[in-house]
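Coordinates as given in entry.cif (mmCIF, C-alpha atoms):
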data_protein
loop_
_atom_site.label_atom_id
_atom_site.label_comp_id
_atom_site.auth_asym_id
_atom_site.auth_seq_id
_atom_site.Cartn_x
_atom_site.Cartn_y
_atom_site.Cartn_z
CA MET A 1 2.78 32.55 137.62
CA ASP A 2 3.08 28.87 138.58
CA LYS A 3 2.23 28.09 142.17
CA LYS A 4 5.12 26.16 143.67
CA LYS A 5 4.46 24.09 146.80
CA THR A 6 7.33 25.05 149.06
CA LEU A 7 8.74 23.45 152.18
CA VAL A 8 10.45 25.89 154.54
CA ILE A 9 12.92 24.09 156.82
CA GLY A 10 14.06 26.15 159.80
CA ALA A 11 10.69 27.89 160.15
CA SER A 12 10.12 30.24 163.08
CA GLU A 13 7.22 32.20 164.56
CA ASN A 14 9.67 35.05 165.24
CA THR A 15 8.71 37.80 162.78
CA GLU A 16 12.31 39.02 162.67
CA ARG A 17 13.55 35.70 161.24
CA TYR A 18 14.02 35.39 157.50
CA SER A 19 12.20 32.04 157.50
CA ASN A 20 9.12 33.78 158.91
CA MET A 21 9.38 36.55 156.31
CA ALA A 22 9.74 33.92 153.57
CA ILE A 23 6.61 32.05 154.67
CA ARG A 24 4.56 35.25 154.66
CA ARG A 25 5.98 36.38 151.30
CA LEU A 26 5.41 32.95 149.71
CA LEU A 27 1.78 33.09 150.85
CA LYS A 28 1.43 36.63 149.52
CA TYR A 29 2.54 35.37 146.10
CA GLY A 30 0.06 32.49 146.29
CA HIS A 31 2.47 29.60 146.84
CA PRO A 32 1.29 26.74 149.09
CA VAL A 33 3.65 26.47 152.09
CA VAL A 34 4.59 23.69 154.48
CA ALA A 35 6.88 24.49 157.41
CA ILE A 36 9.22 22.52 159.67
CA GLY A 37 10.98 24.09 162.63
CA ASN A 38 12.56 23.33 166.00
CA ARG A 39 9.35 24.38 167.77
CA LYS A 40 5.72 23.93 166.85
CA GLY A 41 3.91 27.13 166.04
CA LYS A 42 2.04 29.00 163.37
CA VAL A 43 2.81 31.71 160.81
CA GLU A 44 -0.42 33.12 159.42
CA ASP A 45 -2.36 29.93 158.55
CA VAL A 46 0.74 27.72 158.17
CA GLU A 47 1.35 25.26 161.00
CA ILE A 48 5.01 24.72 161.89
CA THR A 49 5.66 21.06 162.67
CA THR A 50 8.70 19.49 164.27
CA GLU A 51 8.06 16.17 162.53
CA HIS A 52 9.14 14.95 159.10
CA PRO A 53 5.71 14.35 157.56
CA GLU A 54 5.24 12.42 154.35
CA MET A 55 4.58 14.91 151.57
CA HIS A 56 4.04 14.86 147.85
CA ASP A 57 4.37 17.44 145.10
CA ILE A 58 7.01 19.55 146.84
CA ASP A 59 8.43 21.81 144.17
CA THR A 60 10.93 23.71 146.31
CA VAL A 61 12.70 23.18 149.61
CA THR A 62 14.09 26.43 151.01
CA LEU A 63 16.58 26.10 153.85
CA TYR A 64 17.02 28.34 156.88
CA LEU A 65 19.32 26.04 158.88
CA ASN A 66 23.09 26.07 159.10
CA PRO A 67 24.84 23.11 157.43
CA THR A 68 25.46 21.26 160.70
CA ASN A 69 21.75 21.28 161.55
CA GLN A 70 20.82 20.18 158.02
CA LYS A 71 22.41 16.72 158.38
CA VAL A 72 19.38 15.19 160.12
CA TYR A 73 17.24 16.30 157.16
CA TYR A 74 19.36 14.93 154.27
CA ASP A 75 17.47 11.66 153.73
CA TYR A 76 14.13 13.35 154.34
CA ILE A 77 14.74 16.17 151.86
CA LEU A 78 16.01 13.79 149.19
CA SER A 79 13.04 11.43 149.73
CA LEU A 80 10.67 14.30 148.87
CA LYS A 81 12.19 14.51 145.39
CA PRO A 82 11.78 18.29 145.13
CA LYS A 83 12.52 20.00 141.83
CA ARG A 84 14.94 22.34 143.61
CA ILE A 85 16.56 23.25 146.89
CA ILE A 86 17.32 26.87 147.73
CA PHE A 87 20.27 27.43 150.06
CA ASN A 88 19.61 30.84 151.58
CA PRO A 89 22.60 32.92 152.77
CA GLY A 90 24.38 31.11 155.59
CA THR A 91 22.95 27.70 154.67
CA GLU A 92 25.32 26.82 151.82
CA ASN A 93 26.26 23.14 152.06
CA ASP A 94 28.49 21.44 149.48
CA GLU A 95 27.69 17.96 150.80
CA LEU A 96 23.91 18.29 150.50
CA GLU A 97 24.25 20.10 147.17
CA MET A 98 26.27 17.19 145.77
CA LEU A 99 23.76 14.60 147.05
CA ALA A 100 20.87 16.58 145.55
CA LYS A 101 22.57 17.04 142.18
CA LYS A 102 23.22 13.27 142.00
CA GLN A 103 19.45 12.79 142.22
CA GLY A 104 18.76 15.39 139.53
CA ILE A 105 17.55 18.06 141.96
CA ASN A 106 18.40 21.63 140.99
CA VAL A 107 20.22 23.59 143.67
CA MET A 108 20.50 27.33 144.09
CA GLU A 109 22.51 29.46 146.46
CA ALA A 110 20.13 32.38 146.61
CA CYS A 111 17.76 34.33 148.82
CA THR A 112 14.15 33.22 148.60
CA LEU A 113 12.95 36.74 149.46
CA VAL A 114 15.00 38.26 146.62
CA LEU A 115 13.86 35.59 144.16
CA LEU A 116 10.23 36.32 145.02
CA GLY A 117 10.71 40.09 144.89
CA THR A 118 12.35 39.98 141.48
CA GLY A 119 9.96 37.47 139.91
CA GLN A 120 12.63 34.75 139.65
CA PHE A 121 11.08 32.30 142.11
#
Here is the file; what I need is its structure written in the form of structure tokens.
Amino acid sequence: MDKKKTLVIGASENTERYSNMAIRRLLKYGHPVVAIGNRKGKVEDVEITTEHPEMHDIDTVTLYLNPTNQKVYYDYILSLKPKRIIFNPGTENDELEMLAKKQGINVMEACTLVLLGTGQF
């Protein structure tokens, strides 16, 4: 299985949050993870930053923010030139999807946890 460097946006230390579950599951499957959230913290060995750090080789951006809160990330996400963006349930955003598609970025409306669990990630 290819290891896909994944950026989780909307990351949380709260173990009941899907973003937290996704970070832990991505690590379990051997994918490198970077995390951005509203508050600094840590999930296993992944530091959650509140900044927009320069990054390279991001394969996948998986979103855990509602569309309104995504707006401040548009330029940042697109500048990373990921291969794909996953819009998890509740994060669907036609505007960002259109911008991403214009740049040749694949978009998916799917659940990261399901994709991992079914071998489709």
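Put simply, atom CA of Tyr64 of chain A is 7.7 Å away from atom CA of Tyr18 of chain A.
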Discussion item. Could you tell me, as a ChimeraX atom specification, exactly which residues end up selected when the PyMOL selection byres ((chain A and resi 70-78) around 8) is applied to this structure?
Written reply: /A:52,61,65-69,79-82,96,100,103
I need the output of the PyMOL selection byres ((chain A and resi 41) around 12) for this file as a PDB file with C-alpha atoms, in the frame of the given file; which residues are they?
ATOM      1  CA  GLY A  10      14.060  26.150 159.800  1.00  0.00           C
ATOM      2  CA  ALA A  11      10.690  27.890 160.150  1.00  0.00           C
ATOM      3  CA  SER A  12      10.120  30.240 163.080  1.00  0.00           C
ATOM      4  CA  GLU A  13       7.220  32.200 164.560  1.00  0.00           C
ATOM      5  CA  ASN A  14       9.670  35.050 165.240  1.00  0.00           C
ATOM      6  CA  ASN A  20       9.120  33.780 158.910  1.00  0.00           C
ATOM      7  CA  ALA A  35       6.880  24.490 157.410  1.00  0.00           C
ATOM      8  CA  ILE A  36       9.220  22.520 159.670  1.00  0.00           C
ATOM      9  CA  GLY A  37      10.980  24.090 162.630  1.00  0.00           C
ATOM     10  CA  ASN A  38      12.560  23.330 166.000  1.00  0.00           C
ATOM     11  CA  ARG A  39       9.350  24.380 167.770  1.00  0.00           C
ATOM     12  CA  LYS A  40       5.720  23.930 166.850  1.00  0.00           C
ATOM     13  CA  LYS A  42       2.040  29.000 163.370  1.00  0.00           C
ATOM     14  CA  VAL A  43       2.810  31.710 160.810  1.00  0.00           C
ATOM     15  CA  GLU A  44      -0.420  33.120 159.420  1.00  0.00           C
ATOM     16  CA  ASP A  45      -2.360  29.930 158.550  1.00  0.00           C
ATOM     17  CA  VAL A  46       0.740  27.720 158.170  1.00  0.00           C
ATOM     18  CA  GLU A  47       1.350  25.260 161.000  1.00  0.00           C
ATOM     19  CA  ILE A  48       5.010  24.720 161.890  1.00  0.00           C
ATOM     20  CA  THR A  49       5.660  21.060 162.670  1.00  0.00           C
ATOM     21  CA  THR A  50       8.700  19.490 164.270  1.00  0.00           C
TER      22      THR A  50
END
Worksheet entry | Result set, the PyMOL selection byres ((chain A and resi 106) around 7) on current file, as a PyMOL selection string | chain A and resi 83-85+101+104-105+107-108
Worksheet, complete the sentence: Separating atom CA of Val8 of chain A from atom CA of Asp94 of chain A, to the nearest tenth of an Å, is a gap of 19.3 Å
Discussion item. I'd like to know which of A:Thr6, A:Thr112, A:Thr91, A:Ser19 is closest to Thr60 of chain A, using only C-alpha atoms.
Written reply: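 Checking each of A:Thr6, A:Thr112, A:Thr91, A:Ser19 against Thr60 of chain A, counting only C-alpha atoms, the winner is A:Thr6.
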Practice prompt. Could you please determine the separation between atom CA of Met98 of chain A and atom CA of Gly117 of chain A in Å, to one decimal place?
Written response: 27.7 Å
Fill in: Nearest to Ile9 of chain A, chosen from A:Thr62, A:Gly90, A:Cys111, A:Arg24, with all atoms listed in the file counted in the distances
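Closest candidate: A:Thr62.
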Take segment 25-51 of chain A, bring it up to N, CA, C and O atoms, and give me the output as a short mmCIF file (atom, residue, chain, number, x, y, z; two decimals), in the frame of the given file.
data_model
loop_
_atom_site.label_atom_id
_atom_site.label_comp_id
_atom_site.auth_asym_id
_atom_site.auth_seq_id
_atom_site.Cartn_x
_atom_site.Cartn_y
_atom_site.Cartn_z
N ARG A 25 5.83 35.91 152.68
CA ARG A 25 5.98 36.38 151.30
C ARG A 25 5.53 35.30 150.31
O ARG A 25 4.89 35.61 149.30
N LEU A 26 5.87 34.04 150.58
CA LEU A 26 5.41 32.95 149.71
C LEU A 26 3.89 32.93 149.65
O LEU A 26 3.30 32.79 148.57
N LEU A 27 3.24 33.06 150.81
CA LEU A 27 1.78 33.09 150.85
C LEU A 27 1.23 34.28 150.07
O LEU A 27 0.25 34.14 149.33
N LYS A 28 1.87 35.42 150.23
CA LYS A 28 1.43 36.63 149.52
C LYS A 28 1.44 36.41 148.01
O LYS A 28 0.57 36.89 147.28
N TYR A 29 2.42 35.65 147.53
CA TYR A 29 2.54 35.37 146.10
C TYR A 29 1.73 34.15 145.68
O TYR A 29 1.81 33.72 144.53
N GLY A 30 0.98 33.58 146.62
CA GLY A 30 0.06 32.49 146.29
C GLY A 30 0.65 31.10 146.27
O GLY A 30 0.01 30.16 145.79
N HIS A 31 1.85 30.92 146.80
CA HIS A 31 2.47 29.60 146.84
C HIS A 31 2.01 28.83 148.07
O HIS A 31 2.04 29.37 149.18
N PRO A 32 1.61 27.57 147.91
CA PRO A 32 1.29 26.74 149.09
C PRO A 32 2.57 26.52 149.90
O PRO A 32 3.64 26.29 149.32
N VAL A 33 2.47 26.58 151.23
CA VAL A 33 3.65 26.47 152.09
C VAL A 33 3.44 25.41 153.16
O VAL A 33 2.37 25.31 153.76
N VAL A 34 4.51 24.64 153.37
CA VAL A 34 4.59 23.69 154.48
C VAL A 34 5.82 24.10 155.26
O VAL A 34 6.81 24.55 154.68
N ALA A 35 5.78 23.98 156.60
CA ALA A 35 6.88 24.49 157.41
C ALA A 35 7.31 23.49 158.48
O ALA A 35 6.47 22.89 159.15
N ILE A 36 8.63 23.34 158.62
CA ILE A 36 9.22 22.52 159.67
C ILE A 36 10.18 23.40 160.46
O ILE A 36 10.96 24.15 159.87
N GLY A 37 10.10 23.30 161.78
CA GLY A 37 10.98 24.09 162.63
C GLY A 37 11.37 23.31 163.88
O GLY A 37 10.97 22.17 164.06
N ASN A 38 12.15 23.95 164.73
CA ASN A 38 12.56 23.33 166.00
C ASN A 38 11.44 23.33 167.02
O ASN A 38 11.45 22.54 167.96
N ARG A 39 10.50 24.27 166.86
CA ARG A 39 9.35 24.38 167.77
C ARG A 39 8.07 24.45 166.96
O ARG A 39 8.03 25.09 165.91
N LYS A 40 7.03 23.82 167.50
CA LYS A 40 5.72 23.93 166.85
C LYS A 40 5.24 25.37 166.97
O LYS A 40 5.59 26.08 167.91
N GLY A 41 4.44 25.78 166.02
CA GLY A 41 3.91 27.13 166.04
C GLY A 41 3.07 27.36 164.81
O GLY A 41 2.65 26.42 164.12
N LYS A 42 2.88 28.64 164.50
CA LYS A 42 2.04 29.00 163.37
C LYS A 42 2.50 30.34 162.81
O LYS A 42 2.80 31.27 163.57
N VAL A 43 2.55 30.44 161.51
CA VAL A 43 2.81 31.71 160.81
C VAL A 43 1.63 31.89 159.86
O VAL A 43 1.44 31.09 158.94
N GLU A 44 0.85 32.92 160.12
CA GLU A 44 -0.42 33.12 159.42
C GLU A 44 -1.22 31.83 159.54
O GLU A 44 -1.45 31.37 160.64
N ASP A 45 -1.59 31.18 158.43
CA ASP A 45 -2.36 29.93 158.55
C ASP A 45 -1.50 28.69 158.34
O ASP A 45 -2.01 27.59 158.18
N VAL A 46 -0.18 28.83 158.38
CA VAL A 46 0.74 27.72 158.17
C VAL A 46 1.21 27.18 159.52
O VAL A 46 1.82 27.90 160.31
N GLU A 47 0.90 25.92 159.78
CA GLU A 47 1.35 25.26 161.00
C GLU A 47 2.83 24.89 160.85
O GLU A 47 3.23 24.36 159.81
N ILE A 48 3.62 25.15 161.87
CA ILE A 48 5.01 24.72 161.89
C ILE A 48 5.05 23.41 162.67
O ILE A 48 4.62 23.35 163.81
N THR A 49 5.54 22.36 162.02
CA THR A 49 5.66 21.06 162.67
C THR A 49 7.12 20.79 163.01
O THR A 49 8.02 21.40 162.41
N THR A 50 7.34 19.90 163.94
CA THR A 50 8.70 19.49 164.27
C THR A 50 8.98 18.10 163.71
O THR A 50 10.07 17.57 163.85
N GLU A 51 7.96 17.51 163.10
CA GLU A 51 8.06 16.17 162.53
C GLU A 51 8.60 16.24 161.11
O GLU A 51 8.84 17.31 160.57
#
